[in-house]
$ cat work_33.txt   # compact mmCIF, C-alpha atoms (C1' of nucleotides)
# COMPACT_ATOMS: atom_id res chain seq x y z
CA MET A 18 40.73 131.14 -143.90
CA LYS A 19 44.49 131.38 -143.89
CA HIS A 20 46.54 128.29 -143.08
CA PHE A 21 49.17 128.64 -140.37
CA SER A 22 51.88 127.29 -142.64
CA GLU A 23 51.40 130.14 -145.12
CA ILE A 24 51.63 133.13 -142.83
CA SER A 25 54.28 135.81 -143.09
CA PRO A 26 56.90 136.54 -140.44
CA SER A 27 54.90 139.54 -139.20
CA ALA A 28 51.78 137.41 -138.92
CA GLU A 29 53.78 134.83 -137.04
CA ARG A 30 54.84 137.31 -134.39
CA ILE A 31 51.21 138.27 -133.93
CA VAL A 32 50.24 134.63 -133.56
CA ASP A 33 53.03 134.01 -131.06
CA VAL A 34 51.92 136.89 -128.87
CA ALA A 35 48.23 136.06 -129.16
CA GLU A 36 48.90 132.47 -128.20
CA SER A 37 50.69 133.32 -125.00
CA LEU A 38 48.07 135.94 -124.16
CA ILE A 39 45.29 133.36 -124.41
CA GLN A 40 47.24 130.95 -122.24
CA ASN A 41 47.59 133.59 -119.56
CA VAL A 42 44.38 135.61 -119.73
CA GLY A 43 42.02 133.71 -122.03
CA PHE A 44 40.22 134.59 -125.26
CA ASN A 45 38.07 137.18 -123.54
CA GLY A 46 40.94 138.64 -121.57
CA PHE A 47 42.95 140.25 -124.36
CA SER A 48 42.35 142.62 -127.26
CA TYR A 49 44.03 143.53 -130.54
CA GLU A 50 45.34 146.55 -128.69
CA ASP A 51 47.22 144.28 -126.27
CA ILE A 52 48.83 142.38 -129.12
CA ALA A 53 49.68 145.63 -130.89
CA ARG A 54 51.41 147.02 -127.81
CA ILE A 55 53.52 143.91 -127.27
CA VAL A 56 54.43 143.36 -130.93
CA GLY A 57 55.11 147.07 -131.38
CA ILE A 58 52.65 147.82 -134.17
CA LYS A 59 49.20 149.40 -134.39
CA LYS A 60 45.82 147.71 -134.14
CA PRO A 61 44.84 147.98 -137.82
CA SER A 62 48.05 146.23 -138.84
CA ILE A 63 46.77 143.13 -137.09
CA HIS A 64 43.50 143.28 -139.00
CA HIS A 65 45.57 143.31 -142.18
CA HIS A 66 46.90 139.85 -141.25
CA PHE A 67 43.82 138.46 -139.55
CA ALA A 68 40.54 140.09 -140.45
CA THR A 69 38.84 139.02 -137.23
CA LYS A 70 39.81 137.84 -133.79
CA ALA A 71 37.96 134.60 -134.52
CA GLU A 72 40.15 133.94 -137.54
CA LEU A 73 43.35 134.75 -135.67
CA VAL A 74 42.52 132.38 -132.85
CA THR A 75 41.31 129.63 -135.16
CA VAL A 76 44.56 129.68 -137.11
CA LEU A 77 46.53 129.90 -133.89
CA THR A 78 44.77 126.87 -132.43
CA GLN A 79 45.38 124.88 -135.58
CA ARG A 80 49.06 125.69 -135.31
CA TYR A 81 49.08 124.74 -131.63
CA THR A 82 47.57 121.34 -132.36
CA HIS A 83 49.95 120.80 -135.29
CA ARG A 84 52.96 121.55 -133.11
CA PHE A 85 51.60 119.39 -130.35
CA ARG A 86 51.35 116.44 -132.74
CA GLU A 87 54.95 117.00 -133.72
CA GLN A 88 55.90 116.87 -130.08
CA LEU A 89 53.97 113.64 -129.69
CA LEU A 90 56.06 112.14 -132.48
CA HIS A 91 59.14 113.42 -130.72
CA VAL A 92 58.04 111.82 -127.47
CA GLU A 93 57.53 108.53 -129.27
CA ALA A 94 60.88 108.75 -131.01
CA GLY A 95 62.74 109.54 -127.82
CA ASN A 96 61.09 106.99 -125.58
CA ARG A 97 60.43 103.32 -126.18
CA ASN A 98 58.90 102.51 -122.83
CA PRO A 99 55.17 103.42 -122.55
CA LEU A 100 55.75 104.65 -119.02
CA GLU A 101 58.55 106.90 -120.16
CA ARG A 102 56.32 108.14 -122.93
CA LEU A 103 53.64 109.13 -120.45
CA ARG A 104 56.21 110.90 -118.33
CA ALA A 105 57.55 112.74 -121.37
CA TYR A 106 54.00 113.64 -122.34
CA ALA A 107 53.42 115.17 -118.93
CA GLN A 108 56.64 117.12 -119.38
CA LEU A 109 55.09 118.89 -122.36
CA PHE A 110 52.46 120.31 -120.04
CA GLU A 111 55.00 121.00 -117.33
CA ALA A 112 57.13 123.01 -119.74
CA THR A 113 54.10 125.14 -120.59
CA TYR A 114 53.14 125.64 -116.97
CA ALA A 115 56.71 126.44 -115.98
CA THR A 116 56.56 129.40 -118.37
CA GLN A 117 54.69 132.00 -116.30
CA GLN A 118 52.15 129.40 -115.18
CA ARG A 119 50.73 129.29 -118.68
CA LEU A 120 47.78 127.00 -119.22
CA CYS A 121 47.39 124.59 -122.07
CA LEU A 122 45.87 126.70 -124.85
CA CYS A 123 43.00 124.30 -125.34
CA GLY A 124 42.44 123.94 -121.63
CA MET A 125 41.87 127.67 -121.40
CA LEU A 126 39.70 127.73 -124.51
CA GLY A 127 37.80 124.69 -123.27
CA ALA A 128 36.81 126.60 -120.15
CA GLU A 129 35.66 129.53 -122.28
CA ILE A 130 34.00 127.43 -124.94
CA ASP A 131 30.51 128.91 -124.54
CA THR A 132 31.81 132.29 -125.64
CA LEU A 133 33.82 131.21 -128.68
CA PRO A 134 33.04 131.13 -132.39
CA GLU A 135 32.25 127.64 -133.63
CA SER A 136 35.40 127.44 -135.76
CA ILE A 137 37.49 127.62 -132.59
CA ASN A 138 35.34 125.13 -130.72
CA ALA A 139 35.89 122.57 -133.44
CA GLU A 140 39.65 122.97 -133.14
CA VAL A 141 39.56 122.58 -129.37
CA LYS A 142 37.55 119.42 -129.71
CA ARG A 143 40.00 118.06 -132.25
CA PHE A 144 42.94 118.77 -129.95
CA PHE A 145 41.47 116.72 -127.14
CA LYS A 146 40.39 113.94 -129.47
CA ILE A 147 43.91 113.57 -130.81
CA ASN A 148 45.40 113.57 -127.34
CA LEU A 149 42.96 111.03 -125.98
CA GLU A 150 43.54 108.64 -128.83
CA TRP A 151 47.28 108.95 -128.46
CA LEU A 152 47.14 108.39 -124.72
CA ARG A 153 44.77 105.47 -125.07
CA ASP A 154 47.14 103.71 -127.45
CA ILE A 155 50.18 104.29 -125.26
CA ILE A 156 48.30 103.11 -122.20
CA THR A 157 47.02 100.02 -123.99
CA THR A 158 50.55 99.14 -124.99
CA GLY A 159 51.72 99.65 -121.43
CA GLN A 160 49.04 97.29 -120.23
CA GLN A 161 49.99 94.68 -122.78
CA GLN A 162 53.55 94.89 -121.54
CA GLN A 163 52.23 94.59 -118.00
CA LEU A 164 53.74 97.89 -116.96
CA LEU A 165 50.38 99.45 -116.18
CA LYS A 166 47.35 98.40 -114.18
CA THR A 167 44.60 96.82 -116.21
CA MET A 168 41.68 99.24 -116.36
CA PRO A 169 39.70 100.67 -119.28
CA ALA A 170 42.36 102.55 -121.25
CA GLU A 171 39.89 105.20 -122.44
CA GLU A 172 39.04 106.06 -118.85
CA MET A 173 42.69 106.21 -117.90
CA ALA A 174 43.43 108.49 -120.84
CA MET A 175 40.65 110.86 -119.81
CA LEU A 176 41.86 110.84 -116.23
CA PHE A 177 45.44 111.46 -117.29
CA ILE A 178 44.83 114.49 -119.49
CA GLY A 179 42.18 115.82 -117.11
CA ALA A 180 44.60 115.59 -114.21
CA LEU A 181 47.24 117.48 -116.19
CA GLU A 182 44.83 120.21 -117.27
CA GLY A 183 43.34 120.48 -113.81
CA SER A 184 46.68 120.64 -112.05
CA MET A 185 47.42 123.80 -114.00
CA VAL A 186 44.08 125.39 -113.17
CA VAL A 187 44.37 124.61 -109.47
CA GLY A 188 48.05 125.50 -109.42
CA ARG A 189 47.31 128.90 -110.92
CA GLY A 190 44.38 129.44 -108.61
CA MET A 191 46.66 128.89 -105.64
CA ASN A 192 49.68 130.54 -107.20
CA SER A 193 51.52 127.30 -106.59
CA ASP A 194 54.26 125.61 -108.57
CA HIS A 195 52.52 122.29 -108.00
CA GLY A 196 51.73 121.50 -111.61
CA PRO A 197 51.41 118.78 -114.24
CA GLN A 198 54.66 117.02 -113.50
CA LYS A 199 53.80 116.30 -109.90
CA ALA A 200 50.25 115.30 -110.83
CA ALA A 201 51.57 112.84 -113.41
CA LYS A 202 54.09 111.41 -110.99
CA THR A 203 51.47 110.74 -108.36
CA LEU A 204 49.09 109.24 -110.89
CA LEU A 205 51.71 107.01 -112.48
CA ASP A 206 52.74 105.81 -109.04
CA CYS A 207 49.19 104.53 -108.75
CA TRP A 208 49.19 102.95 -112.17
CA THR A 209 52.45 101.09 -112.21
CA VAL A 210 52.16 97.45 -111.35
CA MET B 23 32.51 145.43 -98.78
CA LYS B 24 29.13 143.85 -98.29
CA HIS B 25 28.90 140.41 -96.69
CA PHE B 26 26.92 137.78 -98.55
CA SER B 27 24.80 137.02 -95.52
CA GLU B 28 23.47 140.59 -95.41
CA ILE B 29 22.29 141.02 -98.95
CA SER B 30 18.71 141.69 -99.95
CA PRO B 31 16.54 139.34 -101.99
CA SER B 32 17.10 141.46 -105.10
CA ALA B 33 20.85 141.36 -104.57
CA GLU B 34 20.63 137.63 -104.14
CA ARG B 35 19.02 137.14 -107.52
CA ILE B 36 21.82 139.16 -109.05
CA VAL B 37 24.41 137.03 -107.32
CA ASP B 38 22.68 133.83 -108.42
CA VAL B 39 22.70 134.89 -112.05
CA ALA B 40 26.24 136.22 -111.95
CA GLU B 41 27.48 133.01 -110.38
CA SER B 42 26.08 130.80 -113.10
CA LEU B 43 27.31 133.19 -115.77
CA ILE B 44 30.85 132.96 -114.49
CA GLN B 45 30.64 129.20 -114.36
CA ASN B 46 29.59 129.12 -118.00
CA VAL B 47 31.42 132.01 -119.65
CA GLY B 48 33.94 133.27 -117.11
CA PHE B 49 34.54 136.61 -115.42
CA ASN B 50 35.53 138.25 -118.69
CA GLY B 51 32.69 136.67 -120.62
CA PHE B 52 29.72 138.46 -119.09
CA SER B 53 28.65 142.03 -118.37
CA TYR B 54 26.23 143.84 -116.09
CA GLU B 55 24.02 144.10 -119.14
CA ASP B 56 23.83 140.29 -119.33
CA ILE B 57 22.81 140.03 -115.70
CA ALA B 58 20.27 142.81 -116.15
CA ARG B 59 18.64 141.07 -119.10
CA ILE B 60 18.34 137.74 -117.29
CA VAL B 61 17.16 139.17 -113.97
CA GLY B 62 14.81 141.56 -115.76
CA ILE B 63 16.13 144.84 -114.44
CA LYS B 64 18.39 147.61 -115.80
CA LYS B 65 22.14 147.93 -115.50
CA PRO B 66 22.24 150.78 -112.96
CA SER B 67 20.07 148.76 -110.60
CA ILE B 68 22.90 146.29 -110.31
CA HIS B 69 25.35 149.04 -109.45
CA HIS B 70 23.00 150.01 -106.66
CA HIS B 71 23.59 146.60 -105.06
CA PHE B 72 27.20 146.10 -106.06
CA ALA B 73 29.14 149.23 -106.90
CA THR B 74 31.69 147.38 -109.02
CA LYS B 75 31.98 144.08 -110.81
CA ALA B 76 34.95 143.27 -108.60
CA GLU B 77 32.81 143.67 -105.49
CA LEU B 78 30.00 141.58 -106.90
CA VAL B 79 32.29 138.72 -107.78
CA THR B 80 34.22 138.89 -104.53
CA VAL B 81 31.02 138.61 -102.50
CA LEU B 82 29.76 135.89 -104.80
CA THR B 83 32.94 133.85 -104.40
CA GLN B 84 32.78 134.19 -100.63
CA ARG B 85 29.24 132.85 -100.73
CA TYR B 86 30.32 130.01 -103.01
CA THR B 87 33.06 128.93 -100.63
CA HIS B 88 30.76 129.26 -97.64
CA ARG B 89 28.16 127.05 -99.26
CA PHE B 90 30.81 124.59 -100.32
CA ARG B 91 31.98 124.25 -96.73
CA GLU B 92 28.43 123.55 -95.69
CA GLN B 93 28.28 120.81 -98.28
CA LEU B 94 31.52 119.38 -96.95
CA LEU B 95 29.92 119.14 -93.52
CA HIS B 96 26.96 117.47 -95.15
CA VAL B 97 29.21 114.97 -96.88
CA GLU B 98 30.87 114.16 -93.58
CA ALA B 99 27.55 113.80 -91.79
CA GLY B 100 26.11 111.52 -94.44
CA ASN B 101 29.12 109.28 -94.91
CA ARG B 102 31.29 107.57 -92.32
CA ASN B 103 33.58 105.74 -94.71
CA PRO B 104 36.43 107.88 -96.10
CA LEU B 105 35.98 106.28 -99.50
CA GLU B 106 32.29 107.13 -99.50
CA ARG B 107 33.18 110.65 -98.48
CA LEU B 108 35.49 111.02 -101.45
CA ARG B 109 32.79 109.70 -103.74
CA ALA B 110 30.25 112.09 -102.29
CA TYR B 111 32.75 114.91 -102.66
CA ALA B 112 33.14 114.11 -106.34
CA GLN B 113 29.37 114.15 -106.62
CA LEU B 114 29.37 117.83 -105.64
CA PHE B 115 31.41 118.55 -108.75
CA GLU B 116 29.35 116.19 -110.85
CA ALA B 117 26.14 117.96 -109.83
CA THR B 118 27.64 121.26 -110.97
CA TYR B 119 28.86 119.83 -114.24
CA ALA B 120 25.56 118.10 -114.91
CA THR B 121 23.91 121.53 -114.87
CA GLN B 122 24.69 122.83 -118.36
CA GLN B 123 28.29 121.64 -118.08
CA ARG B 124 28.99 124.34 -115.53
CA LEU B 125 32.53 124.54 -114.23
CA CYS B 126 33.49 124.89 -110.62
CA LEU B 127 33.36 128.64 -109.99
CA CYS B 128 36.88 128.72 -108.64
CA GLY B 129 38.17 126.50 -111.42
CA MET B 130 36.98 129.05 -113.95
CA LEU B 131 38.31 131.96 -111.92
CA GLY B 132 41.59 130.12 -111.37
CA ALA B 133 42.09 129.92 -115.13
CA GLU B 134 41.38 133.65 -115.43
CA ILE B 135 43.33 134.66 -112.38
CA ASP B 136 45.77 136.99 -114.18
CA THR B 137 42.87 139.24 -115.16
CA LEU B 138 41.10 139.46 -111.80
CA PRO B 139 41.19 142.01 -108.98
CA GLU B 140 43.27 140.87 -106.05
CA SER B 141 40.27 140.58 -103.73
CA ILE B 142 38.91 137.81 -105.96
CA ASN B 143 42.24 136.05 -106.27
CA ALA B 144 42.48 135.78 -102.52
CA GLU B 145 39.08 134.12 -102.35
CA VAL B 146 39.98 131.62 -105.06
CA LYS B 147 43.13 130.72 -103.22
CA ARG B 148 41.20 130.25 -100.01
CA PHE B 149 38.70 127.96 -101.73
CA PHE B 150 41.41 125.61 -102.91
CA LYS B 151 43.24 125.71 -99.62
CA ILE B 152 40.12 124.67 -97.75
CA ASN B 153 39.41 121.88 -100.20
CA LEU B 154 42.95 120.54 -100.13
CA GLU B 155 43.07 120.44 -96.36
CA TRP B 156 39.73 118.71 -96.20
CA LEU B 157 40.76 116.13 -98.79
CA ARG B 158 44.10 115.55 -97.15
CA ASP B 159 42.45 114.76 -93.83
CA ILE B 160 39.91 112.40 -95.37
CA ILE B 161 42.63 110.65 -97.35
CA THR B 162 44.86 110.32 -94.31
CA THR B 163 42.02 108.72 -92.39
CA GLY B 164 41.38 106.36 -95.28
CA GLN B 165 44.99 105.35 -95.23
CA GLN B 166 44.94 104.75 -91.50
CA GLN B 167 41.95 102.50 -91.98
CA GLN B 168 43.85 100.76 -94.78
CA LEU B 169 41.19 101.57 -97.32
CA LEU B 170 43.52 103.67 -99.46
CA LYS B 171 46.98 103.18 -100.87
CA THR B 172 49.78 104.65 -98.83
CA MET B 173 51.16 107.66 -100.68
CA PRO B 174 51.72 111.27 -99.61
CA ALA B 175 48.21 112.47 -98.76
CA GLU B 176 48.93 116.03 -99.86
CA GLU B 177 49.88 114.81 -103.33
CA MET B 178 46.80 112.65 -103.53
CA ALA B 179 44.60 115.57 -102.50
CA MET B 180 46.09 117.76 -105.22
CA LEU B 181 45.65 115.03 -107.77
CA PHE B 182 42.08 114.41 -106.72
CA ILE B 183 40.84 117.98 -106.95
CA GLY B 184 42.92 118.63 -110.05
CA ALA B 185 41.42 115.60 -111.76
CA LEU B 186 37.92 116.80 -110.92
CA GLU B 187 38.56 120.35 -112.13
CA GLY B 188 40.33 119.12 -115.24
CA SER B 189 37.65 116.60 -116.14
CA MET B 190 35.20 119.48 -116.42
CA VAL B 191 37.50 121.56 -118.58
CA VAL B 192 38.26 118.68 -120.95
CA GLY B 193 34.66 117.52 -120.89
CA ARG B 194 33.46 120.97 -121.91
CA GLY B 195 36.14 121.27 -124.54
CA MET B 196 34.91 118.07 -126.12
CA ASN B 197 31.26 118.67 -125.39
CA SER B 198 31.26 115.36 -123.59
CA ASP B 199 29.33 114.20 -120.57
CA HIS B 200 32.46 112.51 -119.28
CA GLY B 201 32.91 114.55 -116.14
CA PRO B 202 34.01 114.53 -112.51
CA GLN B 203 32.12 111.45 -111.47
CA LYS B 204 33.83 109.18 -113.98
CA ALA B 205 37.21 110.75 -113.26
CA ALA B 206 36.77 110.11 -109.54
CA LYS B 207 35.64 106.55 -110.11
CA THR B 208 38.70 105.73 -112.19
CA LEU B 209 41.02 107.39 -109.73
CA LEU B 210 39.50 105.71 -106.69
CA ASP B 211 39.74 102.37 -108.47
CA CYS B 212 43.49 103.00 -108.51
CA TRP B 213 43.63 104.05 -104.89
CA THR B 214 41.63 101.36 -103.19
CA VAL B 215 43.71 98.61 -101.73
C1' DG C 28 52.83 145.85 -144.45
C1' DT C 29 51.97 149.69 -141.70
C1' DC C 30 49.97 153.87 -140.62
C1' DT C 31 46.13 157.69 -139.21
C1' DA C 32 41.57 158.50 -138.76
C1' DT C 33 37.30 157.04 -137.80
C1' DA C 34 32.86 154.38 -137.08
C1' DC C 35 30.18 151.71 -134.27
C1' DT C 36 29.24 148.95 -130.25
C1' DT C 37 29.71 147.42 -125.74
C1' DG C 38 31.17 147.67 -120.92
C1' DG C 39 31.68 149.73 -116.42
C1' DA C 40 30.18 153.33 -113.90
C1' DT C 41 27.69 157.83 -112.12
C1' DA C 42 23.90 161.49 -111.42
C1' DG C 43 19.68 162.34 -110.23
C1' DA C 44 14.46 161.59 -110.68
C1' DC C 45 10.67 158.59 -109.04
C1' DG D 10 15.06 149.71 -105.24
C1' DT D 11 14.56 150.90 -109.87
C1' DC D 12 14.53 153.89 -113.57
C1' DT D 13 16.35 157.29 -117.61
C1' DA D 14 20.01 159.71 -119.20
C1' DT D 15 24.63 160.15 -119.74
C1' DC D 16 29.85 159.70 -119.55
C1' DC D 17 33.99 157.78 -120.79
C1' DA D 18 37.00 154.12 -122.05
C1' DA D 19 37.83 150.10 -124.58
C1' DG D 20 37.05 146.69 -128.17
C1' DT D 21 36.29 145.22 -132.95
C1' DA D 22 36.52 146.57 -137.29
C1' DT D 23 36.89 149.50 -141.82
C1' DA D 24 38.63 153.15 -145.19
C1' DG D 25 42.11 154.93 -147.37
C1' DA D 26 46.88 157.12 -147.46
C1' DC D 27 51.89 155.99 -147.53
$ encode --input "work_33.txt" --output "structure tokens"
Amino acid sequence: MKHFSEISPSAERIVDVAESLIQNVGFNGFSYEDIARIVGIKKPSIHHHFATKAELVTVLTQRYTHRFREQLLHVEAGNRNPLERLRAYAQLFEATYATQQRLCLCGMLGAEIDTLPESINAEVKRFFKINLEWLRDIITTGQQQQLLKTMPAEEMAMLFIGALEGSMVVGRGMNSDHGPQKAAKTLLDCWTV
Amino acid sequence: MKHFSEISPSAERIVDVAESLIQNVGFNGFSYEDIARIVGIKKPSIHHHFATKAELVTVLTQRYTHRFREQLLHVEAGNRNPLERLRAYAQLFEATYATQQRLCLCGMLGAEIDTLPESINAEVKRFFKINLEWLRDIITTGQQQQLLKTMPAEEMAMLFIGALEGSMVVGRGMNSDHGPQKAAKTLLDCWTV
DNA sequence: GTCTATACTTGGATAGAC
DNA sequence: GTCTATCCAAGTATAGAC
């Protein structure tokens, strides 16, 4: 399996398009033909870069998680306060949703998980694991600094990411702009001491 | 378009199977062939009952919302306390999730909304609208009785249903049993005065 | 790296017999 | 209400030329 850091510029354009397609229509909602049309090439050219759809999406999800981790570092670097970090974290989801009501890639794939190749499932699982651990640590720090209510940090982390993911699903379902940012604001208003 | 209350027993079995398929694999994840195999009939027999997939799923979603409303009445009848009502409401989602990690039908369809016929989209929207209004009223009552924190009830309603929907998506993505019930518990622990 | 041509399968849908 | 037979389009994938 290819690694996302070793792909050519052409392959990268394919990955970019495929990623946004999944966020809007899901794994089962797009085809190589759709990518081909948008990128401006033919179907077999995509197979040259990614032999199967499973491989394409696996690589793409690895890249997504990698970039997300980089953004987490950026959130940490730009914000000292745990509360500000949580707000900045929510902004990552808001930025996604603000772009054509895109869902979190792994949120969409999570919903479709029963239809996906195992290599993708493992990546989705890893994405959430990383996020939950990061959130748990930030929340724990916030509690130690008495900025956040004292409750099990693991539960709060699950609630936080679930609320962000869910706000996008419900927001899309209603064609509403009420998304992750508002959800996070309301939740943090409950959590701040 | 057929109405769900007028369908024959055979049609009802088809709707039952299609409903659970959507909850597990999404609109784009199943075919008439899948339904046929599970029900034990042939593809064209399904077309006899529902000319198109769009019609089948539209009717099915109408039935889902109708049944959900009935359950809301049941929740109201069985619980006087607004807090208990919210807990019982969350249990509706938990019961779904506990069955093979099924998602809320409209949560799944909401994620796929860009790929669906407009007649389905309208039903999904209606489902969420009904739920949000119901939640808002319960929450408002809870606030009047000083059982719940005072915050904008509309925002709390969005957060509540979003957290439930999202807990299922994340829970599936991680293959975890951490679902709606735990999310609701954590959230209500924040909301109770 | 991209193309044309093609193979094979599945998916949605229809016609018409029983 | 269900079946067989069939149609057509789309989806995934491969072979081989440029």
$ axis_aligned_box --input "work_33.txt" --around "region 80-83 of chain A" --padding-each-side "4 Å" --output "AutoDock Vina command-line options"
--center_x 48.8 --center_y 123.2 --center_z -133.5 --size_x 10.4 --size_y 12.9 --size_z 11.7
$ atom_distance --input "work_33.txt" --atom1 "CA of Leu95 (chain B)" --atom2 "CA of Arg124 (chain B)"
22.6 Å
$ interface_residues --input "work_33.txt" --of "chain B" --to "chain A" --cutoff "9 Å" --atoms "all atoms listed in the file" --output "PDB file with C-alpha atoms, in the coordinates of the input"
ATOM      1  CA  GLN B  45      30.640 129.200-114.360  1.00  0.00           C
ATOM      2  CA  ASN B  46      29.590 129.120-118.000  1.00  0.00           C
ATOM      3  CA  VAL B  47      31.420 132.010-119.650  1.00  0.00           C
ATOM      4  CA  GLY B  48      33.940 133.270-117.110  1.00  0.00           C
ATOM      5  CA  PHE B  49      34.540 136.610-115.420  1.00  0.00           C
ATOM      6  CA  ASN B  50      35.530 138.250-118.690  1.00  0.00           C
ATOM      7  CA  GLY B  51      32.690 136.670-120.620  1.00  0.00           C
ATOM      8  CA  LEU B 125      32.530 124.540-114.230  1.00  0.00           C
ATOM      9  CA  CYS B 128      36.880 128.720-108.640  1.00  0.00           C
ATOM     10  CA  GLY B 129      38.170 126.500-111.420  1.00  0.00           C
ATOM     11  CA  MET B 130      36.980 129.050-113.950  1.00  0.00           C
ATOM     12  CA  LEU B 131      38.310 131.960-111.920  1.00  0.00           C
ATOM     13  CA  GLY B 132      41.590 130.120-111.370  1.00  0.00           C
ATOM     14  CA  ALA B 133      42.090 129.920-115.130  1.00  0.00           C
ATOM     15  CA  GLU B 134      41.380 133.650-115.430  1.00  0.00           C
ATOM     16  CA  ILE B 135      43.330 134.660-112.380  1.00  0.00           C
ATOM     17  CA  ASP B 136      45.770 136.990-114.180  1.00  0.00           C
ATOM     18  CA  THR B 137      42.870 139.240-115.160  1.00  0.00           C
ATOM     19  CA  ASN B 143      42.240 136.050-106.270  1.00  0.00           C
ATOM     20  CA  ALA B 144      42.480 135.780-102.520  1.00  0.00           C
ATOM     21  CA  VAL B 146      39.980 131.620-105.060  1.00  0.00           C
ATOM     22  CA  LYS B 147      43.130 130.720-103.220  1.00  0.00           C
ATOM     23  CA  ARG B 148      41.200 130.250-100.010  1.00  0.00           C
ATOM     24  CA  PHE B 149      38.700 127.960-101.730  1.00  0.00           C
ATOM     25  CA  PHE B 150      41.410 125.610-102.910  1.00  0.00           C
ATOM     26  CA  LYS B 151      43.240 125.710 -99.620  1.00  0.00           C
ATOM     27  CA  LYS B 171      46.980 103.180-100.870  1.00  0.00           C
ATOM     28  CA  MET B 173      51.160 107.660-100.680  1.00  0.00           C
ATOM     29  CA  PRO B 174      51.720 111.270 -99.610  1.00  0.00           C
ATOM     30  CA  GLU B 177      49.880 114.810-103.330  1.00  0.00           C
ATOM     31  CA  MET B 178      46.800 112.650-103.530  1.00  0.00           C
ATOM     32  CA  MET B 180      46.090 117.760-105.220  1.00  0.00           C
ATOM     33  CA  LEU B 181      45.650 115.030-107.770  1.00  0.00           C
ATOM     34  CA  PHE B 182      42.080 114.410-106.720  1.00  0.00           C
ATOM     35  CA  ILE B 183      40.840 117.980-106.950  1.00  0.00           C
ATOM     36  CA  GLY B 184      42.920 118.630-110.050  1.00  0.00           C
ATOM     37  CA  ALA B 185      41.420 115.600-111.760  1.00  0.00           C
ATOM     38  CA  LEU B 186      37.920 116.800-110.920  1.00  0.00           C
ATOM     39  CA  GLU B 187      38.560 120.350-112.130  1.00  0.00           C
ATOM     40  CA  GLY B 188      40.330 119.120-115.240  1.00  0.00           C
ATOM     41  CA  SER B 189      37.650 116.600-116.140  1.00  0.00           C
ATOM     42  CA  MET B 190      35.200 119.480-116.420  1.00  0.00           C
ATOM     43  CA  VAL B 191      37.500 121.560-118.580  1.00  0.00           C
ATOM     44  CA  VAL B 192      38.260 118.680-120.950  1.00  0.00           C
ATOM     45  CA  GLY B 193      34.660 117.520-120.890  1.00  0.00           C
ATOM     46  CA  ARG B 194      33.460 120.970-121.910  1.00  0.00           C
ATOM     47  CA  GLY B 195      36.140 121.270-124.540  1.00  0.00           C
ATOM     48  CA  MET B 196      34.910 118.070-126.120  1.00  0.00           C
ATOM     49  CA  ASN B 197      31.260 118.670-125.390  1.00  0.00           C
ATOM     50  CA  HIS B 200      32.460 112.510-119.280  1.00  0.00           C
ATOM     51  CA  LYS B 204      33.830 109.180-113.980  1.00  0.00           C
ATOM     52  CA  ALA B 205      37.210 110.750-113.260  1.00  0.00           C
ATOM     53  CA  ALA B 206      36.770 110.110-109.540  1.00  0.00           C
ATOM     54  CA  THR B 208      38.700 105.730-112.190  1.00  0.00           C
ATOM     55  CA  LEU B 209      41.020 107.390-109.730  1.00  0.00           C
ATOM     56  CA  ASP B 211      39.740 102.370-108.470  1.00  0.00           C
ATOM     57  CA  CYS B 212      43.490 103.000-108.510  1.00  0.00           C
ATOM     58  CA  TRP B 213      43.630 104.050-104.890  1.00  0.00           C
TER      59      TRP B 213
END
$ residues_around --input "work_33.txt" --residues "region 29-44 of chain C" --least-positions-apart "4" --cutoff "8 Å" --atoms "all atoms listed in the file" --output "number ranges by chain"
A: 58-59, 62; B: 53-54, 69, 74-75; D: 16, 19-20, 23, 27
$ residues_near_point --input "work_33.txt" --point "(38.9, 136.7, -140.7)" --cutoff "12 Å" --atoms "all atoms listed in the file" --output "JSON, numbers by chain"
{"A": [18, 19, 20, 63, 64, 65, 66, 67, 68, 69, 70, 71, 72, 73, 74, 75, 76, 134, 136], "D": [21, 22]}
$ interface_residues --input "work_33.txt" --of "chain D" --to "chain B" --cutoff "9 Å" --atoms "only C-alpha atoms (C1' of nucleotides)" --output "PyMOL selection string"
chain D and resi 10-12
$ closest_residue --input "work_33.txt" --among "B:Asp199, B:Glu55, B:Glu92, B:Glu98" --to "chain C" --atoms "all atoms listed in the file"
B:Glu55
$ atom_distance --input "work_33.txt" --atom1 "CA of Leu38 (chain A)" --atom2 "CA of Leu152 (chain A)"
27.6 Å
$ atom_distance --input "work_33.txt" --atom1 "CA of Thr116 (chain A)" --atom2 "CA of Phe85 (chain A)"
16.4 Å
$ residues_around --input "work_33.txt" --residues "Gln163 (chain A)" --least-positions-apart "5" --cutoff "12 Å" --atoms "all atoms listed in the file" --output "number ranges by chain"
A: 98-100, 156-158, 168, 208-210
$ decode --input "work_33.txt" --residues "region 77-89 of chain B" --atoms "C-alpha atoms" --output "mmCIF file, in the first residue's frame"
data_model
loop_
_atom_site.group_PDB
_atom_site.id
_atom_site.type_symbol
_atom_site.label_atom_id
_atom_site.label_comp_id
_atom_site.auth_asym_id
_atom_site.auth_seq_id
_atom_site.Cartn_x
_atom_site.Cartn_y
_atom_site.Cartn_z
ATOM 1 C CA GLU B 77 -40.647 5.815 -3.087
ATOM 2 C CA LEU B 78 -39.798 2.929 -0.791
ATOM 3 C CA VAL B 79 -37.500 5.036 1.331
ATOM 4 C CA THR B 80 -39.831 8.013 1.405
ATOM 5 C CA VAL B 81 -42.691 5.874 2.707
ATOM 6 C CA LEU B 82 -40.351 4.162 5.129
ATOM 7 C CA THR B 83 -39.118 7.465 6.535
ATOM 8 C CA GLN B 84 -42.669 8.704 6.959
ATOM 9 C CA ARG B 85 -43.449 5.569 8.931
ATOM 10 C CA TYR B 86 -40.307 6.026 11.011
ATOM 11 C CA THR B 87 -41.258 9.566 11.955
ATOM 12 C CA HIS B 88 -44.834 8.541 12.671
ATOM 13 C CA ARG B 89 -43.692 5.797 15.004
#
